[in-house]
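Structure record follows, encoded as structure tokens.
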Amino acid sequence: MNNLYVHFPFCRAKCAYCALYSRAGSTPEARRAYCERMAEQIAALDATSSLTTIYFGGGSPALCDLSSLFDALRVRGNDCEFTVELHPLDAQPQILEKLMIGGVNRISLGVQSMDDDVLKVMGRLHTAAEAEAAFRAVRAAGFANAGIDLIAGWPGTTTESWRTTLARAVELGLDHCSVYTLIREPKTRLDLAVRRGELALPSDDAALAQIDAARAALAEAGLVRYEISNYARPGYECRHNLAVWRGEDYVGLGDGAHGRIGLVRTASGVETSVTSEEDAVERALFSLRTREGVSLERVARLWPILAPRLPAWHETLEFFKRQGLLQDAYRLTQRGAEVCDSILAELI
Ligand code: SF4
């Protein structure tokens, strides 16, 4: 077992756009009991010493006292990439020190925007200045691998405001940046506000223009796009997410976690099985999202069960290549990145 994801479903407040499994208003007792349960599950895993990536996501993991999990994991040195997602309000010296002592060596800070008006409507509870101070605190605590998340396509974001967000983000000296396009998830406060006509989503073209501006600004700062929504300085790509996209196994613990071990999939603690062929298709194709793309030679070598599909996949991939959506054999072009899901759907 090389990769572990642990989910923490606790937040200070629910953000307007968020449909992830998480709850606001938890008690310290509930968080403590949850951590005890997670620590027990970690202790029951085989060979945690072989882990090469650990990812604590949420939610806001740092709302919990993570010491019992750190004890169960006993991470030593930097051979294991250990990421924790952090809300800017949690970037306090005593919390950061505990994370560092616990073996955490990579911080992903949820910033989302550098526009205070946007942050307010998002319900983020922090200002842009607080997000910047949080990132500096992360650096001051000694984290040499740190990045932020941003959301493109928020209602009413002007070109100017987005440019300012990107400029202030780049100014921080990021190692990594995730830029997600806003999705209007059903039953969120965002969805309700759009239905009531209080907020208007930008056109697809306007949202794509923001993604393009992000790509250009981050490239200028030395961050290369290595997956549709992810940019990193060379050597700072998220190894955990790359492992998932490359088709490796990963254990998922926690109420909102997904996992993949052999033919077993876990989602929020519920196990289901897939067939060998479904398993191979999933593992083989997800690397299309990354800069490495899909190599049919690799597929043939690692998943012989897919051999009968390869002639049809070759034909489909060549078709998309002629349309300018793929290059080489086979990686997404910039235009292809906008329609990756449709390409995957066609292949599957
Ligand atoms: S976006 Fe993050 S912080 Fe906000 S509600 Fe969702 S999980 Fe919690």
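We name chains A, B, ... following the order of the structure tokens; residues begin at 1 in each chain, and ligands are numbered from 1 as shown.
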Report as a PDB file with N, CA and C atoms, in the first residue's frame all protein, DNA and RNA residues lying within 8 Å of Ala217 (chain A), evaluated on only C-alpha atoms, omitting residues in the same chain fewer than 6 positions from it.
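around-v8.pdb was written with the following content:
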```
ATOM      1  N   LEU A 166      -4.832  36.659  -9.717  1.00  0.00           N
ATOM      2  CA  LEU A 166      -3.678  35.901 -10.222  1.00  0.00           C
ATOM      3  C   LEU A 166      -2.372  36.586  -9.835  1.00  0.00           C
ATOM      4  N   ALA A 167      -2.343  37.922  -9.959  1.00  0.00           N
ATOM      5  CA  ALA A 167      -1.106  38.650  -9.642  1.00  0.00           C
ATOM      6  C   ALA A 167      -0.757  38.489  -8.164  1.00  0.00           C
ATOM      7  N   VAL A 170       0.483  34.859  -7.564  1.00  0.00           N
ATOM      8  CA  VAL A 170       1.840  34.647  -8.083  1.00  0.00           C
ATOM      9  C   VAL A 170       2.870  35.325  -7.178  1.00  0.00           C
TER      10      VAL A 170
END
```
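With only C-alpha atoms and all ligand atoms counted, the chains near ligand 1 contribute these residues within 8 Å: Pro9, Phe10, Cys11, Arg12, Ala13, Lys14, Cys15, Ala16, Tyr17, Cys18, Ala19, Leu20, Tyr21, Ser22, Arg23, Ala24, Gly58, Gly59, Ser60, His87, Gly110, Gly123 and Arg124 of chain A.
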Can you write out the residues you just picked, keeping C-alpha atoms, as a short mmCIF file (atom, residue, chain, number, x, y, z; two decimals), in the first residue's frame?
```
data_model
loop_
_atom_site.label_atom_id
_atom_site.label_comp_id
_atom_site.auth_asym_id
_atom_site.auth_seq_id
_atom_site.Cartn_x
_atom_site.Cartn_y
_atom_site.Cartn_z
CA PRO A 9 -15.78 16.29 7.13
CA PHE A 10 -15.68 19.36 9.40
CA CYS A 11 -15.86 23.01 8.33
CA ARG A 12 -16.33 26.33 10.10
CA ALA A 13 -19.22 27.15 7.78
CA LYS A 14 -20.54 25.76 4.54
CA CYS A 15 -19.23 27.68 1.50
CA ALA A 16 -21.88 28.84 -0.96
CA TYR A 17 -20.65 26.65 -3.83
CA CYS A 18 -19.67 23.50 -1.95
CA ALA A 19 -21.36 20.14 -2.43
CA LEU A 20 -18.58 18.11 -0.82
CA TYR A 21 -19.51 15.94 2.11
CA SER A 22 -18.81 18.16 5.11
CA ARG A 23 -20.67 19.71 7.99
CA ALA A 24 -20.40 22.98 9.88
CA GLY A 58 -11.68 17.96 3.84
CA GLY A 59 -13.39 19.78 5.10
CA SER A 60 -10.81 21.54 7.21
CA HIS A 87 -8.15 26.80 5.64
CA GLY A 110 -7.83 26.99 0.19
CA GLY A 123 -18.90 32.49 2.39
CA ARG A 124 -15.19 31.84 2.92
#
```
Secondary structure check, helix (DSSP H, G or I) residues of region 122-310 of chain A, as a PyMOL selection string: chain A and resi 122+128-140+159-171+189-195+204-220+239-245+276-289+296-302+304-310
Atomic distance CA of His7 (chain A) - CA of Val84 (chain A), expressed in Å with one decimal: 10.3 Å
Residue neighbourhood Gly259 (chain A), 8 Å, only C-alpha atoms, exclusion window fewer than 4 positions, as a short mmCIF file (atom, residue, chain, number, x, y, z; two decimals) with N, CA and C atoms, in the first residue's frame:
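Writing the result to selection.cif gives the following:
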```cif
data_model
loop_
_atom_site.label_atom_id
_atom_site.label_comp_id
_atom_site.auth_asym_id
_atom_site.auth_seq_id
_atom_site.Cartn_x
_atom_site.Cartn_y
_atom_site.Cartn_z
N TYR A 5 -5.48 8.35 1.61
CA TYR A 5 -6.25 9.59 1.70
C TYR A 5 -7.14 9.49 2.94
N ASP A 249 -3.25 2.09 -6.77
CA ASP A 249 -4.18 1.88 -5.67
C ASP A 249 -4.06 3.00 -4.65
N TYR A 250 -5.13 3.30 -3.96
CA TYR A 250 -5.06 4.21 -2.80
C TYR A 250 -6.15 3.84 -1.81
N VAL A 251 -5.77 3.92 -0.54
CA VAL A 251 -6.73 3.64 0.53
C VAL A 251 -7.45 4.95 0.86
N GLY A 252 -8.75 4.91 0.99
CA GLY A 252 -9.52 6.10 1.36
C GLY A 252 -10.22 5.86 2.69
N LEU A 253 -9.85 6.62 3.71
CA LEU A 253 -10.49 6.49 5.02
C LEU A 253 -11.30 7.75 5.33
N ARG A 265 -13.74 -0.79 -4.75
CA ARG A 265 -13.84 0.66 -4.65
C ARG A 265 -14.53 0.98 -3.34
N THR A 266 -14.02 1.97 -2.61
CA THR A 266 -14.74 2.42 -1.43
C THR A 266 -15.21 3.85 -1.66
N ALA A 267 -16.41 4.13 -1.21
CA ALA A 267 -16.94 5.48 -1.25
C ALA A 267 -17.68 5.68 0.06
#
```
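Distances to Leu89 (chain A) were evaluated for A:Ala129, A:Ala146, A:Val104, A:Leu288 using only C-alpha atoms, and the minimum falls at A:Ala129.
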Ala209 (chain A) environment, 12 Å, only C-alpha atoms, sequence neighbours closer than 5 positions dropped, as a tab-separated table (two decimals) with N, CA and C atoms, in the first residue's frame:
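Below you can see around-v6.tsv, which holds the result:
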```tsv
chain	number	residue	atom	x	y	z
A	152	ALA	N	-12.10	29.67	-10.72
A	152	ALA	CA	-12.37	30.55	-11.87
A	152	ALA	C	-13.86	30.51	-12.18
A	153	GLY	N	-14.34	31.58	-12.79
A	153	GLY	CA	-15.73	31.59	-13.27
A	153	GLY	C	-16.75	31.91	-12.20
A	157	THR	N	-17.15	38.04	-11.56
A	157	THR	CA	-15.70	38.30	-11.53
A	157	THR	C	-15.29	38.99	-12.83
A	158	THR	N	-14.77	40.21	-12.72
A	158	THR	CA	-14.35	40.93	-13.93
A	158	THR	C	-12.96	40.46	-14.33
A	159	THR	N	-12.59	40.78	-15.55
A	159	THR	CA	-11.25	40.44	-16.04
A	159	THR	C	-10.21	41.07	-15.11
A	162	TRP	N	-10.00	39.23	-11.72
A	162	TRP	CA	-9.31	37.93	-11.88
A	162	TRP	C	-7.81	38.13	-12.07
A	163	ARG	N	-7.48	39.19	-12.85
A	163	ARG	CA	-6.04	39.50	-13.04
A	163	ARG	C	-5.39	39.82	-11.71
A	181	THR	N	-12.62	25.27	-12.29
A	181	THR	CA	-13.72	26.04	-12.86
A	181	THR	C	-14.94	25.81	-11.98
A	202	PRO	N	-20.98	33.30	-15.33
A	202	PRO	CA	-20.41	33.80	-16.58
A	202	PRO	C	-20.65	32.79	-17.71
A	203	SER	N	-20.48	33.25	-18.96
A	203	SER	CA	-20.61	32.32	-20.09
A	203	SER	C	-19.43	31.34	-20.03
A	204	ASP	N	-19.58	30.21	-20.76
A	204	ASP	CA	-18.48	29.24	-20.82
A	204	ASP	C	-17.21	29.90	-21.35
A	214	ALA	N	-5.15	32.30	-16.24
A	214	ALA	CA	-4.44	31.64	-15.14
A	214	ALA	C	-3.25	30.85	-15.68
A	215	ARG	N	-3.49	30.11	-16.76
A	215	ARG	CA	-2.41	29.30	-17.34
A	215	ARG	C	-1.23	30.20	-17.73
A	216	ALA	N	-1.56	31.35	-18.37
A	216	ALA	CA	-0.49	32.25	-18.82
A	216	ALA	C	0.24	32.87	-17.63
A	334	GLN	N	-4.36	22.35	-25.56
A	334	GLN	CA	-5.09	23.32	-24.72
A	334	GLN	C	-6.60	23.22	-24.97
A	335	ARG	N	-6.98	23.10	-26.24
A	335	ARG	CA	-8.42	22.96	-26.56
A	335	ARG	C	-8.95	21.63	-26.05
A	338	GLU	N	-10.22	21.42	-22.51
A	338	GLU	CA	-11.56	21.96	-22.23
A	338	GLU	C	-12.64	20.90	-22.39
```
Selected residue, from A:Leu125, A:Leu332, A:Ile151, A:Leu190, that lies nearest to Pro88 (chain A) when counting only C-alpha atoms: A:Leu125
CA of Leu344 (chain A) to CA of Trp154 (chain A), distance in Å rounded to a single decimal: 26.2 Å
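Secondary structure by DSSP on the backbone puts the following residues of region 8-65 of chain A in strand (DSSP E or B): A:Phe8, A:Phe10, A:Cys11, A:Arg23, A:Ala24, A:Thr53, A:Ile54, A:Tyr55, A:Phe56, A:Gly57, A:Gly58.
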Near-Ala134 (chain A) list (10 Å; only C-alpha atoms; drop same-chain fewer than 2 positions) as number ranges by chain: A: 86-93, 109, 111, 128-132, 136-140
Give me the residues near Gly173 (chain A) as a PDB file with C-alpha atoms, in the first residue's frame, where near means some atom within 9 Å (using only C-alpha atoms) and where sequence neighbours in that chain fewer than 3 positions away do not count.
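Okay, this is what ended up in result_34.pdb:
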```pdb
ATOM      1  CA  GLY A 147       0.357  25.980  -2.841  1.00  0.00           C
ATOM      2  CA  ALA A 169      -1.332  34.658  -5.967  1.00  0.00           C
ATOM      3  CA  VAL A 170       1.840  34.647  -8.083  1.00  0.00           C
ATOM      4  CA  ALA A 221       5.791  32.421 -12.782  1.00  0.00           C
TER       5      ALA A 221
END
```
d(CA of Arg106 (chain A), CA of Ser287 (chain A)) in Å: 22.7 Å
Return as a Markdown table the residues of region 183-251 of chain A lying at most 9 Å from region 291-310 of chain A, together with the closest atom-to-atom pair for each and the distance in Å to one decimal, counting only C-alpha atoms, with rows in chain order and ascending residue number.
```
| residue | atom | partner | partner_atom | distance |
| --- | --- | --- | --- | --- |
| A:Arg225 | CA | A:Arg291 | CA | 7.3 |
| A:Tyr226 | CA | A:Arg291 | CA | 4.8 |
| A:Glu227 | CA | A:Arg291 | CA | 5.8 |
| A:Ile228 | CA | A:Arg291 | CA | 8.3 |
```
Neighbour list for Thr290 (chain A) as a list of chain:residue names, cut-off 12 Å, only C-alpha atoms, skip fewer than 4 positions in-chain: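 Returned residues: A:Val224, A:Arg225, A:Tyr226, A:Glu227, A:Ile228, A:Ser229, A:Asn230, A:Tyr231, A:Glu237, A:Cys238, A:Asn241, A:Leu242, A:Ala243, A:Val244, A:Trp245, A:Arg246, A:Gly247, A:Leu285, A:Phe286, A:Val294, A:Ser295, A:Tyr330, A:Arg331, A:Leu332, A:Thr333, A:Gln334, A:Gly336, A:Ala337, A:Cys340.
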Could the residues in this selection be saved with N, CA and C atoms as a PDB file, in the first residue's frame?
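result28.pdb was written with the following content:
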```pdb
ATOM      1  N   VAL A 224       4.070  24.966 -14.324  1.00  0.00           N
ATOM      2  CA  VAL A 224       3.665  24.287 -15.551  1.00  0.00           C
ATOM      3  C   VAL A 224       2.355  23.539 -15.311  1.00  0.00           C
ATOM      4  N   ARG A 225       1.464  23.606 -16.323  1.00  0.00           N
ATOM      5  CA  ARG A 225       0.209  22.858 -16.201  1.00  0.00           C
ATOM      6  C   ARG A 225       0.516  21.371 -16.374  1.00  0.00           C
ATOM      7  N   TYR A 226       0.298  20.566 -15.305  1.00  0.00           N
ATOM      8  CA  TYR A 226       0.602  19.135 -15.420  1.00  0.00           C
ATOM      9  C   TYR A 226      -0.653  18.284 -15.373  1.00  0.00           C
ATOM     10  N   GLU A 227      -1.779  18.932 -15.147  1.00  0.00           N
ATOM     11  CA  GLU A 227      -3.081  18.264 -15.195  1.00  0.00           C
ATOM     12  C   GLU A 227      -4.078  19.356 -15.510  1.00  0.00           C
ATOM     13  N   ILE A 228      -5.286  18.987 -15.913  1.00  0.00           N
ATOM     14  CA  ILE A 228      -6.231  19.990 -16.398  1.00  0.00           C
ATOM     15  C   ILE A 228      -6.361  21.175 -15.434  1.00  0.00           C
ATOM     16  N   SER A 229      -6.449  20.907 -14.128  1.00  0.00           N
ATOM     17  CA  SER A 229      -6.688  21.986 -13.156  1.00  0.00           C
ATOM     18  C   SER A 229      -5.478  22.272 -12.277  1.00  0.00           C
ATOM     19  N   ASN A 230      -4.324  21.687 -12.586  1.00  0.00           N
ATOM     20  CA  ASN A 230      -3.199  21.784 -11.662  1.00  0.00           C
ATOM     21  C   ASN A 230      -1.902  22.252 -12.319  1.00  0.00           C
ATOM     22  N   TYR A 231      -1.200  23.130 -11.598  1.00  0.00           N
ATOM     23  CA  TYR A 231       0.020  23.764 -12.090  1.00  0.00           C
ATOM     24  C   TYR A 231       1.069  23.656 -10.983  1.00  0.00           C
ATOM     25  N   GLU A 237       4.874  18.749  -8.421  1.00  0.00           N
ATOM     26  CA  GLU A 237       3.561  18.195  -8.762  1.00  0.00           C
ATOM     27  C   GLU A 237       3.074  17.375  -7.556  1.00  0.00           C
ATOM     28  N   CYS A 238       1.764  17.335  -7.339  1.00  0.00           N
ATOM     29  CA  CYS A 238       1.229  16.580  -6.198  1.00  0.00           C
ATOM     30  C   CYS A 238       1.366  15.083  -6.495  1.00  0.00           C
ATOM     31  N   ASN A 241      -1.966  12.936  -6.013  1.00  0.00           N
ATOM     32  CA  ASN A 241      -2.955  12.990  -7.089  1.00  0.00           C
ATOM     33  C   ASN A 241      -2.417  12.336  -8.364  1.00  0.00           C
ATOM     34  N   LEU A 242      -1.119  12.509  -8.631  1.00  0.00           N
ATOM     35  CA  LEU A 242      -0.543  11.860  -9.819  1.00  0.00           C
ATOM     36  C   LEU A 242      -0.677  10.341  -9.722  1.00  0.00           C
ATOM     37  N   ALA A 243      -0.461   9.808  -8.510  1.00  0.00           N
ATOM     38  CA  ALA A 243      -0.579   8.360  -8.320  1.00  0.00           C
ATOM     39  C   ALA A 243      -2.000   7.895  -8.652  1.00  0.00           C
ATOM     40  N   VAL A 244      -2.991   8.689  -8.230  1.00  0.00           N
ATOM     41  CA  VAL A 244      -4.383   8.333  -8.505  1.00  0.00           C
ATOM     42  C   VAL A 244      -4.649   8.382 -10.013  1.00  0.00           C
ATOM     43  N   TRP A 245      -4.200   9.464 -10.663  1.00  0.00           N
ATOM     44  CA  TRP A 245      -4.447   9.597 -12.109  1.00  0.00           C
ATOM     45  C   TRP A 245      -3.690   8.564 -12.914  1.00  0.00           C
ATOM     46  N   ARG A 246      -2.532   8.111 -12.377  1.00  0.00           N
ATOM     47  CA  ARG A 246      -1.742   7.113 -13.115  1.00  0.00           C
ATOM     48  C   ARG A 246      -2.280   5.706 -12.922  1.00  0.00           C
ATOM     49  N   GLY A 247      -3.302   5.586 -12.072  1.00  0.00           N
ATOM     50  CA  GLY A 247      -3.952   4.278 -11.939  1.00  0.00           C
ATOM     51  C   GLY A 247      -3.479   3.438 -10.776  1.00  0.00           C
ATOM     52  N   LEU A 285      -7.169   4.982 -18.409  1.00  0.00           N
ATOM     53  CA  LEU A 285      -7.558   6.199 -19.124  1.00  0.00           C
ATOM     54  C   LEU A 285      -7.401   7.492 -18.335  1.00  0.00           C
ATOM     55  N   PHE A 286      -7.344   7.401 -16.981  1.00  0.00           N
ATOM     56  CA  PHE A 286      -7.366   8.655 -16.231  1.00  0.00           C
ATOM     57  C   PHE A 286      -6.124   9.515 -16.404  1.00  0.00           C
ATOM     58  N   VAL A 294      -2.094   9.515 -22.380  1.00  0.00           N
ATOM     59  CA  VAL A 294      -2.316   8.066 -22.453  1.00  0.00           C
ATOM     60  C   VAL A 294      -1.414   7.494 -23.539  1.00  0.00           C
ATOM     61  N   SER A 295      -0.602   6.514 -23.154  1.00  0.00           N
ATOM     62  CA  SER A 295       0.230   5.839 -24.150  1.00  0.00           C
ATOM     63  C   SER A 295      -0.334   4.435 -24.346  1.00  0.00           C
ATOM     64  N   TYR A 330      -0.570   9.981 -26.525  1.00  0.00           N
ATOM     65  CA  TYR A 330      -1.524  11.021 -26.867  1.00  0.00           C
ATOM     66  C   TYR A 330      -1.651  11.942 -25.680  1.00  0.00           C
ATOM     67  N   ARG A 331      -1.545  13.254 -25.888  1.00  0.00           N
ATOM     68  CA  ARG A 331      -1.693  14.211 -24.796  1.00  0.00           C
ATOM     69  C   ARG A 331      -2.709  15.265 -25.226  1.00  0.00           C
ATOM     70  N   LEU A 332      -3.417  15.815 -24.225  1.00  0.00           N
ATOM     71  CA  LEU A 332      -4.409  16.849 -24.531  1.00  0.00           C
ATOM     72  C   LEU A 332      -3.712  18.105 -25.027  1.00  0.00           C
ATOM     73  N   THR A 333      -4.309  18.757 -26.028  1.00  0.00           N
ATOM     74  CA  THR A 333      -3.877  20.115 -26.368  1.00  0.00           C
ATOM     75  C   THR A 333      -4.636  21.059 -25.437  1.00  0.00           C
ATOM     76  N   GLN A 334      -4.365  22.355 -25.560  1.00  0.00           N
ATOM     77  CA  GLN A 334      -5.087  23.323 -24.724  1.00  0.00           C
ATOM     78  C   GLN A 334      -6.599  23.225 -24.971  1.00  0.00           C
ATOM     79  N   GLY A 336      -8.128  20.598 -26.135  1.00  0.00           N
ATOM     80  CA  GLY A 336      -8.548  19.271 -25.680  1.00  0.00           C
ATOM     81  C   GLY A 336      -8.835  19.258 -24.187  1.00  0.00           C
ATOM     82  N   ALA A 337      -8.054  20.054 -23.421  1.00  0.00           N
ATOM     83  CA  ALA A 337      -8.243  20.102 -21.964  1.00  0.00           C
ATOM     84  C   ALA A 337      -9.643  20.605 -21.604  1.00  0.00           C
ATOM     85  N   CYS A 340     -12.005  17.346 -22.080  1.00  0.00           N
ATOM     86  CA  CYS A 340     -11.427  16.041 -21.702  1.00  0.00           C
ATOM     87  C   CYS A 340     -12.505  15.025 -21.326  1.00  0.00           C
TER      88      CYS A 340
END
```
Pick from A:Ile348, A:Cys80, A:Ala193, A:Leu69, whichever lies nearest to Leu51 (chain A) using only C-alpha atoms: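 Of A:Ile348, A:Cys80, A:Ala193, A:Leu69, the one nearest Leu51 (chain A) is A:Cys80, counting only C-alpha atoms.
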A:Thr27, A:Ser273, A:Ser161, A:Ser108 ranked by distance to Ile261 (chain A), top pick (using only C-alpha atoms):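 Smallest distance to Ile261 (chain A) is found for A:Ser273.
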